[in-house]
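**Student:** Sending over work-v4.pdb (PDB, C-alpha atoms).
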ATOM      1  CA  MET A   1      30.628 -28.565   2.484
ATOM      2  CA  LYS A   2      31.644 -25.003   3.341
ATOM      3  CA  PRO A   3      28.902 -22.350   3.717
ATOM      4  CA  LEU A   4      28.167 -20.044   0.827
ATOM      5  CA  LYS A   5      29.366 -16.459   1.177
ATOM      6  CA  PRO A   6      26.577 -14.345  -0.338
ATOM      7  CA  SER A   7      27.173 -10.666  -1.085
ATOM      8  CA  ILE A   8      25.141  -7.565  -1.907
ATOM      9  CA  ALA A   9      26.344  -4.962  -4.412
ATOM     10  CA  PRO A  10      26.422  -1.345  -3.194
ATOM     11  CA  ALA A  11      24.075  -0.359  -6.054
ATOM     12  CA  ILE A  12      21.332  -2.416  -4.387
ATOM     13  CA  MET A  13      21.489  -0.249  -1.285
ATOM     14  CA  GLN A  14      21.231   2.874  -3.422
ATOM     15  CA  LEU A  15      18.052   1.463  -4.942
ATOM     16  CA  ALA A  16      16.590   0.357  -1.600
ATOM     17  CA  PRO A  17      18.121   2.217   1.362
ATOM     18  CA  GLY A  18      17.623   0.297   4.569
ATOM     19  CA  PHE A  19      17.469  -3.095   2.849
ATOM     20  CA  ARG A  20      18.419  -5.936   5.207
ATOM     21  CA  ALA A  21      19.007  -9.605   4.484
ATOM     22  CA  ILE A  22      19.375 -12.625   6.735
ATOM     23  CA  SER A  23      21.302 -15.596   5.350
ATOM     24  CA  ILE A  24      20.786 -19.104   6.741
ATOM     25  CA  HIS A  25      23.020 -21.988   5.660
ATOM     26  CA  VAL A  26      21.992 -25.545   6.522
ATOM     27  CA  ILE A  27      23.778 -28.873   6.367
ATOM     28  CA  ALA A  28      20.799 -31.197   6.312
ATOM     29  CA  ALA A  29      20.126 -34.199   8.521
ATOM     30  CA  PRO A  30      17.673 -37.066   7.943
ATOM     31  CA  LEU A  31      14.075 -35.865   7.679
ATOM     32  CA  VAL A  32      12.087 -37.223  10.621
ATOM     33  CA  ASP A  33       8.914 -35.138  10.377
ATOM     34  CA  SER A  34       7.783 -34.882   6.768
ATOM     35  CA  ASP A  35       4.485 -33.265   7.812
ATOM     36  CA  ALA A  36       5.962 -30.308   9.699
ATOM     37  CA  GLY A  37       6.135 -28.069   6.645
ATOM     38  CA  ARG A  38       2.513 -28.676   5.725
ATOM     39  CA  ARG A  39       1.386 -27.859   9.276
ATOM     40  CA  ALA A  40       3.395 -24.641   9.245
ATOM     41  CA  LEU A  41       1.918 -23.689   5.879
ATOM     42  CA  GLU A  42      -1.641 -24.209   7.075
ATOM     43  CA  ALA A  43      -0.972 -22.162  10.218
ATOM     44  CA  ALA A  44       0.547 -19.331   8.158
ATOM     45  CA  CYS A  45      -2.513 -19.190   5.913
ATOM     46  CA  ARG A  46      -4.754 -18.907   8.970
ATOM     47  CA  HIS A  47      -2.537 -16.156  10.380
ATOM     48  CA  VAL A  48      -2.872 -14.041   7.236
ATOM     49  CA  GLN A  49      -6.626 -14.401   7.221
ATOM     50  CA  HIS A  50      -7.298 -13.736  10.896
ATOM     51  CA  ASP A  51      -4.343 -12.193  12.766
ATOM     52  CA  ASP A  52      -2.022 -10.385  10.394
ATOM     53  CA  PHE A  53       0.859  -8.173  11.549
ATOM     54  CA  PRO A  54       0.021  -4.421  11.487
ATOM     55  CA  TRP A  55       3.146  -3.604   9.458
ATOM     56  CA  ALA A  56       2.714  -6.386   6.881
ATOM     57  CA  GLN A  57       0.933  -4.387   4.189
ATOM     58  CA  ALA A  58       3.386  -1.503   4.533
ATOM     59  CA  HIS A  59       6.230  -3.942   3.950
ATOM     60  CA  LEU A  60       4.617  -5.312   0.797
ATOM     61  CA  ASP A  61       3.869  -1.756  -0.387
ATOM     62  CA  ALA A  62       7.549  -0.906   0.077
ATOM     63  CA  TRP A  63       8.512  -3.856  -2.126
ATOM     64  CA  ASP A  64       6.038  -2.630  -4.755
ATOM     65  CA  ALA A  65       7.741   0.775  -4.690
ATOM     66  CA  VAL A  66      11.201  -0.751  -5.091
ATOM     67  CA  PHE A  67      10.029  -2.875  -8.015
ATOM     68  CA  GLN A  68       8.594   0.226  -9.680
ATOM     69  CA  ALA A  69      11.887   2.042  -9.085
ATOM     70  CA  PHE A  70      13.814  -0.434 -11.235
ATOM     71  CA  GLY A  71      11.136  -0.539 -13.919
ATOM     72  CA  ALA A  72       9.121  -3.640 -12.983
ATOM     73  CA  LYS A  73       5.349  -3.682 -12.769
ATOM     74  CA  PRO A  74       4.516  -5.113  -9.333
ATOM     75  CA  LYS A  75       0.959  -6.037 -10.275
ATOM     76  CA  ARG A  76       2.338  -8.168 -13.100
ATOM     77  CA  THR A  77       5.554  -9.384 -11.466
ATOM     78  CA  PRO A  78       5.197  -8.918  -7.690
ATOM     79  CA  CYS A  79       7.762  -9.790  -5.079
ATOM     80  CA  SER A  80       7.546 -13.413  -3.962
ATOM     81  CA  ALA A  81       5.834 -12.690  -0.637
ATOM     82  CA  GLN A  82       3.171 -10.598  -2.350
ATOM     83  CA  ALA A  83       2.510 -13.359  -4.870
ATOM     84  CA  LEU A  84       2.117 -16.001  -2.156
ATOM     85  CA  ARG A  85      -0.193 -13.851  -0.078
ATOM     86  CA  LYS A  86      -2.361 -12.992  -3.069
ATOM     87  CA  ARG A  87      -2.779 -16.685  -3.722
ATOM     88  CA  VAL A  88      -3.817 -17.304  -0.119
ATOM     89  CA  ALA A  89      -6.263 -14.398  -0.262
ATOM     90  CA  ARG A  90      -7.769 -15.834  -3.437
ATOM     91  CA  ASP A  91      -7.840 -19.530  -2.529
ATOM     92  CA  GLY A  92      -7.769 -19.502   1.258
ATOM     93  CA  SER A  93      -4.842 -21.928   1.319
ATOM     94  CA  MET A  94      -1.669 -23.110  -0.431
ATOM     95  CA  PRO A  95      -1.097 -26.646  -1.714
ATOM     96  CA  SER A  96       1.668 -28.642  -0.060
ATOM     97  CA  LEU A  97       4.698 -29.069  -2.355
ATOM     98  CA  ASP A  98       7.617 -30.393  -0.313
ATOM     99  CA  PRO A  99       8.375 -30.295   3.449
ATOM    100  CA  VAL A 100      11.192 -27.750   3.213
ATOM    101  CA  VAL A 101       9.498 -25.661   0.512
ATOM    102  CA  ASP A 102       6.274 -25.634   2.539
ATOM    103  CA  LEU A 103       8.186 -24.396   5.581
ATOM    104  CA  TYR A 104       9.929 -21.479   3.927
ATOM    105  CA  ASN A 105       6.751 -20.538   2.051
ATOM    106  CA  ALA A 106       4.977 -20.538   5.432
ATOM    107  CA  ILE A 107       7.504 -18.068   6.849
ATOM    108  CA  SER A 108       7.147 -15.857   3.778
ATOM    109  CA  ILE A 109       3.355 -15.870   3.988
ATOM    110  CA  LYS A 110       3.131 -15.321   7.745
ATOM    111  CA  TYR A 111       5.725 -12.552   7.950
ATOM    112  CA  ALA A 112       5.094 -10.884   4.553
ATOM    113  CA  VAL A 113       8.788 -11.272   3.752
ATOM    114  CA  PRO A 114      10.422 -12.668   0.606
ATOM    115  CA  VAL A 115      12.217 -15.913   1.460
ATOM    116  CA  GLY A 116      14.384 -17.790  -1.014
ATOM    117  CA  GLY A 117      15.478 -21.393  -0.673
ATOM    118  CA  GLU A 118      18.376 -22.756  -2.740
ATOM    119  CA  ASN A 119      20.204 -26.038  -3.286
ATOM    120  CA  VAL A 120      23.838 -25.294  -2.475
ATOM    121  CA  ALA A 121      25.137 -28.228  -4.536
ATOM    122  CA  ALA A 122      23.854 -26.551  -7.716
ATOM    123  CA  TYR A 123      25.848 -23.359  -7.157
ATOM    124  CA  GLN A 124      28.903 -22.390  -9.136
ATOM    125  CA  GLY A 125      30.716 -19.784  -7.099
ATOM    126  CA  GLU A 126      29.074 -17.542  -4.531
ATOM    127  CA  PRO A 127      25.576 -16.031  -4.681
ATOM    128  CA  ARG A 128      25.471 -12.295  -5.132
ATOM    129  CA  LEU A 129      22.723  -9.722  -5.464
ATOM    130  CA  VAL A 130      23.687  -7.363  -8.292
ATOM    131  CA  MET A 131      22.270  -5.186 -11.044
ATOM    132  CA  ALA A 132      22.082  -7.251 -14.235
ATOM    133  CA  ASP A 133      23.780  -6.120 -17.433
ATOM    134  CA  GLY A 134      21.223  -8.021 -19.533
ATOM    135  CA  THR A 135      23.540 -10.683 -20.941
ATOM    136  CA  GLU A 136      23.246 -13.207 -18.098
ATOM    137  CA  ALA A 137      21.549 -16.563 -18.604
ATOM    138  CA  PHE A 138      18.439 -17.501 -16.621
ATOM    139  CA  ASP A 139      16.752 -20.892 -16.864
ATOM    140  CA  THR A 140      12.993 -20.954 -16.368
ATOM    141  CA  VAL A 141       9.937 -22.914 -17.433
ATOM    142  CA  LYS A 142       7.499 -21.772 -20.113
ATOM    143  CA  ALA A 143       4.652 -23.903 -21.446
ATOM    144  CA  GLY A 144       6.096 -26.852 -19.575
ATOM    145  CA  GLU A 145       9.506 -26.570 -21.208
ATOM    146  CA  THR A 146      12.796 -25.357 -19.719
ATOM    147  CA  VAL A 147      14.042 -22.322 -21.614
ATOM    148  CA  ASN A 148      16.811 -19.759 -21.185
ATOM    149  CA  GLU A 149      16.160 -16.047 -21.122
ATOM    150  CA  SER A 150      18.040 -12.964 -19.934
ATOM    151  CA  PRO A 151      17.094 -10.302 -17.392
ATOM    152  CA  GLU A 152      16.583  -6.673 -18.319
ATOM    153  CA  PRO A 153      19.641  -4.428 -17.996
ATOM    154  CA  GLY A 154      19.581  -2.737 -14.599
ATOM    155  CA  GLU A 155      17.326  -5.385 -13.077
ATOM    156  CA  PRO A 156      18.324  -6.597  -9.579
ATOM    157  CA  VAL A 157      19.114 -10.313  -9.721
ATOM    158  CA  TRP A 158      20.636 -12.995  -7.579
ATOM    159  CA  ARG A 159      23.298 -14.818  -9.549
ATOM    160  CA  ASP A 160      26.368 -17.050  -9.337
ATOM    161  CA  ASP A 161      29.205 -17.702 -11.779
ATOM    162  CA  ALA A 162      26.919 -19.698 -14.104
ATOM    163  CA  GLY A 163      24.113 -17.164 -14.400
ATOM    164  CA  VAL A 164      21.017 -15.763 -12.750
ATOM    165  CA  THR A 165      19.396 -17.818 -10.004
ATOM    166  CA  CYS A 166      16.483 -15.462  -9.269
ATOM    167  CA  ARG A 167      15.086 -12.686 -11.455
ATOM    168  CA  ARG A 168      13.683  -9.305 -10.423
ATOM    169  CA  TRP A 169      15.301  -9.534  -7.009
ATOM    170  CA  ASN A 170      12.989 -12.230  -5.611
ATOM    171  CA  TRP A 171      10.233 -12.588  -8.196
ATOM    172  CA  ARG A 172      11.088 -15.867  -9.920
ATOM    173  CA  GLN A 173      13.614 -18.558  -9.057
ATOM    174  CA  GLY A 174      15.499 -20.445 -11.735
ATOM    175  CA  VAL A 175      15.318 -24.189 -12.263
ATOM    176  CA  ARG A 176      18.993 -25.029 -11.721
ATOM    177  CA  THR A 177      19.234 -24.150  -8.010
ATOM    178  CA  ARG A 178      15.696 -25.096  -7.004
ATOM    179  CA  LEU A 179      15.486 -26.606  -3.528
ATOM    180  CA  ASP A 180      13.641 -29.580  -2.090
ATOM    181  CA  SER A 181      13.947 -31.698   1.051
ATOM    182  CA  HIS A 182      16.406 -34.108  -0.605
ATOM    183  CA  ALA A 183      19.175 -31.487  -0.759
ATOM    184  CA  GLN A 184      22.181 -32.130   1.468
ATOM    185  CA  ALA A 185      23.074 -28.442   1.818
ATOM    186  CA  MET A 186      20.525 -25.645   1.763
ATOM    187  CA  TRP A 187      20.700 -21.863   1.687
ATOM    188  CA  PHE A 188      17.876 -19.532   2.676
ATOM    189  CA  ILE A 189      17.703 -15.761   2.290
ATOM    190  CA  LEU A 190      15.138 -13.505   4.015
ATOM    191  CA  GLU A 191      14.905 -10.019   2.464
ATOM    192  CA  CYS A 192      13.556  -7.081   4.464
ATOM    193  CA  LEU A 193      12.843  -3.414   3.824
ATOM    194  CA  PRO A 194      12.506  -0.725   6.555
ATOM    195  CA  PRO A 195       8.750  -1.150   7.292
ATOM    196  CA  MET A 196       9.464  -4.641   8.652
ATOM    197  CA  PRO A 197      10.624  -4.254  12.268
ATOM    198  CA  GLU A 198      14.007  -5.768  13.066
ATOM    199  CA  GLU A 199      12.464  -7.898  15.801
ATOM    200  CA  ALA A 200       9.987  -9.317  13.266
ATOM    201  CA  ALA A 201      12.795 -10.169  10.847
ATOM    202  CA  SER A 202      14.665 -11.918  13.653
ATOM    203  CA  ALA A 203      11.508 -13.788  14.664
ATOM    204  CA  ALA A 204      10.957 -14.942  11.079
ATOM    205  CA  ALA A 205      14.528 -16.243  10.819
ATOM    206  CA  ARG A 206      14.268 -17.973  14.181
ATOM    207  CA  GLU A 207      10.972 -19.597  13.237
ATOM    208  CA  LEU A 208      12.520 -20.930  10.035
ATOM    209  CA  ILE A 209      15.510 -22.306  11.952
ATOM    210  CA  ASP A 210      13.283 -23.846  14.620
ATOM    211  CA  GLY A 211      11.130 -25.450  11.941
ATOM    212  CA  LEU A 212      14.138 -26.912  10.153
ATOM    213  CA  THR A 213      15.555 -28.213  13.435
ATOM    214  CA  ALA A 214      12.262 -29.914  14.318
ATOM    215  CA  MET A 215      11.973 -31.347  10.831
ATOM    216  CA  MET A 216      15.523 -32.719  10.721
ATOM    217  CA  PRO A 217      17.132 -32.908  14.169
ATOM    218  CA  GLY A 218      20.897 -32.753  13.957
ATOM    219  CA  ALA A 219      20.988 -30.301  11.035
ATOM    220  CA  GLN A 220      23.874 -27.851  11.221
ATOM    221  CA  ILE A 221      22.613 -24.284  10.834
ATOM    222  CA  VAL A 222      24.506 -20.995  10.556
ATOM    223  CA  MET A 223      22.753 -17.619  10.402
ATOM    224  CA  GLU A 224      24.255 -14.249   9.495
ATOM    225  CA  THR A 225      23.086 -10.763   8.570
ATOM    226  CA  LEU A 226      24.369  -9.529   5.225
ATOM    227  CA  ALA A 227      25.803  -6.111   4.558
ATOM    228  CA  PRO A 228      26.569  -4.528   1.176
ATOM    229  CA  GLY A 229      30.106  -4.481  -0.098
TER     230      GLY A 229
END
Would you write the structure of this file as structure tokens?
**Tutor:**
Amino acid sequence: MKPLKPSIAPAIMQLAPGFRAISIHVIAAPLVDSDAGRRALEAACRHVQHDDFPWAQAHLDAWDAVFQAFGAKPKRTPCSAQALRKRVARDGSMPSLDPVVDLYNAISIKYAVPVGGENVAAYQGEPRLVMADGTEAFDTVKAGETVNESPEPGEPVWRDDAGVTCRRWNWRQGVRTRLDSHAQAMWFILECLPPMPEEAASAAARELIDGLTAMMPGAQIVMETLAPG
């Protein structure tokens, strides 16, 4: 299976100058350590509570400002990293969901960075980060039922040829491309704003790759930095 070729629309960079994204494509191998994700998640929760990075809050504040700039209310619909960290602050921990999901949630929590994980097999065409026109389809769950809704016009969304895969930039993932450890091909995206140092972004990506390699030795992994265009 060939790697996805994600892209970022120039309008995104106008909204958030200095935005950086790291793309990681994985051809999975057999899972040999199904507990690795849970261990990483527990360690990340401890890190947030006792040894947080000095720039972490500034990074989350920058995401709040970007959300406000496109009309979202970050207290109601925060970026994914903010939502995870608020849950850890409230509960002291995060429940284990799936080895791969636990791992990328751990990276998001520890490094205060939005991290998306997607099942490549569910994609139709290439992923792209664009400004929505408001007519796109987005599948989500409400009251336990899968429903379709549309984003607001001018809302940053990740999408493919079939519709939106993640609303409000990185707020809520759709059902169709949801990832778990059974996927044969996986795509991860780490999204950074200027307050996050470049070396921290690189460390987060490397920690995700190292975790995936330990979890499934033999996985084929390709990392690249995305530029708008």
**Student:** Run through the PyMOL selection byres ((chain A and resi 19) around 6) on the given coordinates and return the selected residues as a VMD selection string.
**Tutor:** chain A and resid 16 to 18 20 192 to 193
**Student:** Take the PyMOL selection byres ((chain A and resi 171) around 9), apply it to the structure above, and return the hits as a list in words.
**Tutor:**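 Matching residues under the PyMOL selection byres ((chain A and resi 171) around 9) are Thr77, Pro78, Cys79, Ser80, Ala81, Ala83, Pro114, Cys166, Arg167, Arg168, Trp169, Asn170, Arg172 and Gln173 of chain A.
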**Student:** I'd like the residues picked by the PyMOL selection byres ((chain A and resi 151) around 9) written out as a list in words, using the chain letters and numbers from the file.
**Tutor:**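 The output of the PyMOL selection byres ((chain A and resi 151) around 9) on this file is Ala132, Asp133, Gly134, Thr135, Glu136, Ala137, Phe138, Glu149, Ser150, Glu152, Pro153, Gly154, Glu155, Pro156, Val157, Val164, Arg167 and Arg168 of chain A.
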**Student:** Let's have the selection written as a PDB file, in the coordinates of the input, with C-alpha atoms.
**Tutor:**
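Dumped everything to out28.pdb:
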ATOM      1  CA  ALA A 132      22.082  -7.251 -14.235  1.00  0.00           C
ATOM      2  CA  ASP A 133      23.780  -6.120 -17.433  1.00  0.00           C
ATOM      3  CA  GLY A 134      21.223  -8.021 -19.533  1.00  0.00           C
ATOM      4  CA  THR A 135      23.540 -10.683 -20.941  1.00  0.00           C
ATOM      5  CA  GLU A 136      23.246 -13.207 -18.098  1.00  0.00           C
ATOM      6  CA  ALA A 137      21.549 -16.563 -18.604  1.00  0.00           C
ATOM      7  CA  PHE A 138      18.439 -17.501 -16.621  1.00  0.00           C
ATOM      8  CA  GLU A 149      16.160 -16.047 -21.122  1.00  0.00           C
ATOM      9  CA  SER A 150      18.040 -12.964 -19.934  1.00  0.00           C
ATOM     10  CA  GLU A 152      16.583  -6.673 -18.319  1.00  0.00           C
ATOM     11  CA  PRO A 153      19.641  -4.428 -17.996  1.00  0.00           C
ATOM     12  CA  GLY A 154      19.581  -2.737 -14.599  1.00  0.00           C
ATOM     13  CA  GLU A 155      17.326  -5.385 -13.077  1.00  0.00           C
ATOM     14  CA  PRO A 156      18.324  -6.597  -9.579  1.00  0.00           C
ATOM     15  CA  VAL A 157      19.114 -10.313  -9.721  1.00  0.00           C
ATOM     16  CA  VAL A 164      21.017 -15.763 -12.750  1.00  0.00           C
ATOM     17  CA  ARG A 167      15.086 -12.686 -11.455  1.00  0.00           C
ATOM     18  CA  ARG A 168      13.683  -9.305 -10.423  1.00  0.00           C
TER      19      ARG A 168
END
**Student:** Select, from A:Lys86, A:His25, A:His182, A:His59, the residue with the minimum atom-to-atom distance to A:Cys45, counting only C-alpha atoms.
**Tutor:**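 Smallest separation from A:Cys45 among the options: A:Lys86.
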**Student:** Skipping near chain neighbours, those fewer than 3 positions away, what residues fall within 9 Å of A:Val88 using all atoms listed in the file, listed as a ChimeraX atom specification?
**Tutor:** /A:45,48-49,83-85,91-94,109
**Student:** Enter the distance from atom CA of A:Ala40 to atom CA of A:Leu103, in Å, rounded to one decimal.
**Tutor:**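 Computing the Euclidean distance for atom CA of A:Ala40 and atom CA of A:Leu103 yields 6.0 Å.
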